[in-house]
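What follows is a short report on a single structure.
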Amino acid sequence: MELFHFDIETAGQYKTYDDFLDSDERGAKLFQSKYEKMGWNEKYKDINEAYLENAGIISTYGRIVCISFGYETNGEKQIRSFYGDDEKDIVESFNNLLKKIETKSFSLSGFRINHFDIPWVLHKLHKYGIEPANMIYLYDKKPWDMRIVDMSDDWKQKFAWAFSFDEMCYELGVQSPKDVINGSDVHKYFWSGRIEEIKTYCEKDVSSSIDVSLRIY
């Protein structure tokens, strides 16, 4: 099985909720409505803290800052990234790469990509009016036509969300990619200008994803 692994890293669209409100009142009010409906006022000290914790998880309020990808061939890993502060360029470059990949025998792979990475990429492609590559376009596909191997779906037990990628790596004896930062740090790192460190972290995720796939497939 030839797998093309990828992973995305995301941050909030704005550095703080106050910046959000100053720049985009409509979007900020939508976030405020979610803050109230979700009862986040009881979980967080204020809406700014709620924004920092959640904007990088919800595509409506976040941005893709890095997409890393790679595969293994002849015992060697080939890993690269598209990253920076131009989200449109990142997703368009990745989409163009997928158009080349889909002409080969690769299937897309990663951890929980069906529930996070792929929807995020699709949302952003639609936002910028970019036609998605066929292999990532899910809406008219039969299950047997999908070229996606989500390792979290294959590894899950009764409780589908009861384990993390780090736990999966631990169980399989694969080195953790989260030795310096993890996903919850990406917003802070991005808005501090530490994009190279995000790229390194994202590529570690892809490297560990390749190692995991070699053990279970």
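Going through the structure tokens in order, the chains are called A, B, and so on, while each chain numbers its residues from 1 and the ligands are numbered from 1 in the order shown.
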Exercise. Any chance you could list, as a PyMOL selection string, the residues in region 95-213 of chain A that come up helix (DSSP H, G or I) when DSSP is run on the backbone?
Key: chain A and resi 95-101+113-127+134-136+143-145+151-155+165-172+183-191+195-213
Practice problem: Write out as a VMD selection string each polymer residue whose atoms come within 6 Å of Phe6 (chain A), counting only C-alpha atoms; drop sequence neighbours fewer than 2 positions from it. | Solution: chain A and resid 68 to 69 110 206
Practice problem: One decimal, Å: what's the distance from CA of Ser33 (chain A) over to CA of Gly56 (chain A), could you say? | Solution: 17.2 Å
Quiz item: Near Phe106 (chain A), within 7 Å and counting only C-alpha atoms, which residues show up once chain neighbours fewer than 3 positions away are dropped, as a ChimeraX atom specification?
Solution: /A:2-4,101-102
Quiz item: Ile195 (chain A): which residues within 9 Å, counting only C-alpha atoms, same-chain residues fewer than 4 positions away excluded, as a PyMOL selection string?
Solution: chain A and resi 65-66+83-85+186+189-191+199-200
Quiz item: Hey, what's within 12 Å of Tyr217 (chain A) if we count only C-alpha atoms and toss same-chain stuff fewer than 6 positions away? As a PyMOL selection string, please?
Solution: chain A and resi 1-3+109+149-151+154-155+209-211
Quiz prompt | Lys178 (chain A) surroundings by only C-alpha atoms, 8 Å radius, close-in-sequence under 5 positions cut, as a ChimeraX atom specification | solution = /A:166,201,205
Selection export as a compact mmCIF listing (two decimals), in the first residue's frame, atoms kept: N, CA, C and O atoms:
# COMPACT_ATOMS: atom_id res chain seq x y z
N ASP A 166 -0.27 10.72 19.95
CA ASP A 166 0.89 10.49 20.81
C ASP A 166 0.76 9.15 21.53
O ASP A 166 1.75 8.41 21.68
N TYR A 201 7.78 20.97 13.74
CA TYR A 201 6.84 20.14 14.48
C TYR A 201 5.91 19.39 13.54
O TYR A 201 5.66 18.18 13.70
N ASP A 205 5.39 15.25 12.84
CA ASP A 205 4.13 14.52 12.84
C ASP A 205 4.05 13.61 11.61
O ASP A 205 3.63 12.45 11.71
Practice problem: Identify which of the residues A:Glu131, A:Glu76, A:Glu167, A:Glu9 lies closest to Gly62 (chain A), counting only C-alpha atoms when measuring atom-to-atom distances. | Solution: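 Between A:Glu131, A:Glu76, A:Glu167, A:Glu9, the residue approaching Gly62 (chain A) most closely is A:Glu9.
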Quiz item: Mind pulling up the distance from CA of Ser81 (chain A) to CA of Tyr51 (chain A)?
Solution: 26.9 Å
Quiz prompt | region 3-207 of chain A: residues DSSP assigns to strand (DSSP E), reported as a PyMOL selection string | solution = chain A and resi 3-12+62-73+76-83+107-110+148-150
For N, CA and C atoms, I'd like the residues from the last selection saved as a compact mmCIF listing (two decimals), in the first residue's frame.
# COMPACT_ATOMS: atom_id res chain seq x y z
N LEU A 3 1.26 5.05 0.60
CA LEU A 3 0.57 6.09 1.35
C LEU A 3 1.30 7.43 1.24
N PHE A 4 0.50 8.47 1.02
CA PHE A 4 1.00 9.85 1.00
C PHE A 4 0.48 10.52 2.26
N HIS A 5 1.36 10.71 3.23
CA HIS A 5 0.97 11.24 4.54
C HIS A 5 0.96 12.77 4.53
N PHE A 6 0.00 13.33 5.27
CA PHE A 6 0.02 14.79 5.43
C PHE A 6 -0.57 15.18 6.78
N ASP A 7 -0.22 16.39 7.19
CA ASP A 7 -0.68 16.92 8.47
C ASP A 7 -0.76 18.43 8.35
N ILE A 8 -1.76 19.03 8.97
CA ILE A 8 -1.87 20.49 8.94
C ILE A 8 -1.70 21.05 10.34
N GLU A 9 -1.23 22.29 10.42
CA GLU A 9 -1.19 23.03 11.67
C GLU A 9 -2.00 24.30 11.49
N THR A 10 -2.76 24.65 12.51
CA THR A 10 -3.69 25.77 12.41
C THR A 10 -3.56 26.73 13.58
N ALA A 11 -3.92 27.98 13.33
CA ALA A 11 -3.91 29.02 14.37
C ALA A 11 -5.16 29.87 14.20
N GLY A 12 -5.42 30.71 15.16
CA GLY A 12 -6.53 31.65 15.03
C GLY A 12 -6.26 32.65 13.91
N GLY A 62 -10.27 30.16 12.12
CA GLY A 62 -8.84 29.87 12.10
C GLY A 62 -8.22 29.95 10.72
N ARG A 63 -6.93 29.65 10.67
CA ARG A 63 -6.19 29.69 9.42
C ARG A 63 -5.18 28.54 9.41
N ILE A 64 -4.95 27.99 8.25
CA ILE A 64 -3.92 26.97 8.09
C ILE A 64 -2.58 27.67 7.92
N VAL A 65 -1.61 27.32 8.75
CA VAL A 65 -0.30 27.99 8.69
C VAL A 65 0.79 27.05 8.19
N CYS A 66 0.50 25.74 8.14
CA CYS A 66 1.49 24.79 7.63
C CYS A 66 0.80 23.51 7.18
N ILE A 67 1.21 22.99 6.05
CA ILE A 67 0.83 21.65 5.62
C ILE A 67 2.13 20.92 5.29
N SER A 68 2.40 19.86 6.03
CA SER A 68 3.57 19.03 5.77
C SER A 68 3.10 17.71 5.15
N PHE A 69 3.94 17.11 4.35
CA PHE A 69 3.53 15.91 3.61
C PHE A 69 4.76 15.08 3.29
N GLY A 70 4.53 13.79 3.08
CA GLY A 70 5.67 12.95 2.76
C GLY A 70 5.30 11.50 2.56
N TYR A 71 6.28 10.71 2.19
CA TYR A 71 6.09 9.29 1.97
C TYR A 71 7.43 8.58 2.15
N GLU A 72 7.36 7.28 2.20
CA GLU A 72 8.57 6.47 2.37
C GLU A 72 8.83 5.70 1.09
N THR A 73 10.07 5.71 0.65
CA THR A 73 10.45 4.95 -0.53
C THR A 73 11.86 4.42 -0.36
N GLU A 76 13.70 5.30 2.80
CA GLU A 76 13.97 6.71 3.09
C GLU A 76 12.69 7.52 3.07
N LYS A 77 12.61 8.49 3.97
CA LYS A 77 11.45 9.38 4.02
C LYS A 77 11.69 10.64 3.18
N GLN A 78 10.68 11.00 2.43
CA GLN A 78 10.71 12.26 1.68
C GLN A 78 9.63 13.16 2.28
N ILE A 79 10.04 14.24 2.95
CA ILE A 79 9.08 15.10 3.65
C ILE A 79 9.34 16.56 3.28
N ARG A 80 8.26 17.27 2.97
CA ARG A 80 8.34 18.71 2.65
C ARG A 80 7.15 19.43 3.26
N SER A 81 7.16 20.75 3.13
CA SER A 81 6.07 21.55 3.72
C SER A 81 5.76 22.78 2.86
N PHE A 82 4.52 23.20 2.94
CA PHE A 82 4.09 24.53 2.50
C PHE A 82 3.68 25.26 3.77
N TYR A 83 4.20 26.43 4.02
CA TYR A 83 3.92 27.11 5.28
C TYR A 83 4.15 28.61 5.16
N SER A 107 -2.54 6.67 -1.75
CA SER A 107 -3.73 7.04 -1.00
C SER A 107 -3.30 8.05 0.07
N LEU A 108 -4.17 9.00 0.39
CA LEU A 108 -3.87 9.97 1.44
C LEU A 108 -3.93 9.29 2.80
N SER A 109 -3.02 9.64 3.69
CA SER A 109 -3.04 9.03 5.01
C SER A 109 -2.60 10.02 6.08
N GLY A 110 -2.96 9.71 7.30
CA GLY A 110 -2.61 10.52 8.45
C GLY A 110 -3.49 10.10 9.62
N ILE A 148 -8.39 7.25 0.84
CA ILE A 148 -8.01 7.84 2.12
C ILE A 148 -7.85 6.74 3.15
N VAL A 149 -6.73 6.73 3.83
CA VAL A 149 -6.47 5.77 4.90
C VAL A 149 -6.24 6.56 6.18
N ASP A 150 -7.29 6.63 7.02
CA ASP A 150 -7.20 7.36 8.29
C ASP A 150 -6.82 6.38 9.38
Quiz item: Which residue out of A:Ile113, A:Leu138, A:Val174, A:Ile58 has the minimum interatomic distance to Asp153 (chain A) when only C-alpha atoms are used?
Solution: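 Looking only at the distances to Asp153 (chain A), the closest residue turns out to be A:Ile113.
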Quiz prompt | Point-to-point distance from CA of Gln32 (chain A) to CA of Arg194 (chain A), Å rounded to tenths | solution = 28.4 Å
Quiz item: Which is closest to Arg215 (chain A) among A:Val91, A:Leu97, A:Ile47, A:Met168, if we use only C-alpha atoms?
Solution: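 Of A:Val91, A:Leu97, A:Ile47, A:Met168, the one nearest Arg215 (chain A) is A:Met168, counting only C-alpha atoms.
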